[in-house]
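**Q** First, the structure itself, so that you have it in front of you.
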Amino acid sequence: MPRHPRVHAEGLLYHVMARGNDGQKIFLRQSDYQAFIEALRTVHERYPFYLYAYVLMSNHFHLLLEVERFSTARILQSLLTGYVRRFNKTQRSRASLAFPVCPAFIRCRSTRSI
């Protein structure tokens, strides 16, 4: 059964989570964390949004963001594609990084629901 399309409207607040496939680590070195933050900055310049909080853990991350014109799907697609390309290029001797097809998105009513 297909999933329902995500609701997108300017001003919505989302808690976004994504893990590496099968619990795979997505950050191996300190430079990977820095590269992810830089990728986040790059995506923010292209697809503006408000980022209220983030947590980067070795095998997953959390973002709390408020969308404007562009959907969370567009933002995450750009972020994950850019980061994965860089990671796979710099970690040639290791297994390729991949994320599940669909990261988790939880729509929040306000910052009180966090």
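Starting from 1 in every chain, residues are counted up; chains themselves are A, B, ... following the order of the structure tokens, and ligands are numbered from 1 as listed.
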Show which residues sit within 9 Å of Phe36 in chain A, as a PyMOL selection string. Count only C-alpha atoms, and ignore same-chain residues fewer than 4 positions away.
**A** chain A and resi 27+31-32+40-41+56+79-80+82-83
**Q** Name all residues at most 7 Å from Arg19 in chain A (count only C-alpha atoms; drop same-chain ones fewer than 4 positions away) and give them as a list in words.
**A**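 Near Arg19 in chain A, the qualifying residues are Gly23, Asn59, His60, Phe61 and Phe99 of chain A.
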**Q** Could you name the residues that touch Tyr54 in chain A at 9 Å or less, counting only C-alpha atoms, but leaving out those on the same chain fewer than 2 positions away, as a PyMOL selection string?
**A** chain A and resi 51-52+56+61-65
**Q** Which of these, A:Leu76, A:Met57, A:Cys108, A:Val43, has the shortest distance to Leu12 in chain A once you count only C-alpha atoms?
**A**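 Under the stated criterion, the closest residue is A:Cys108.
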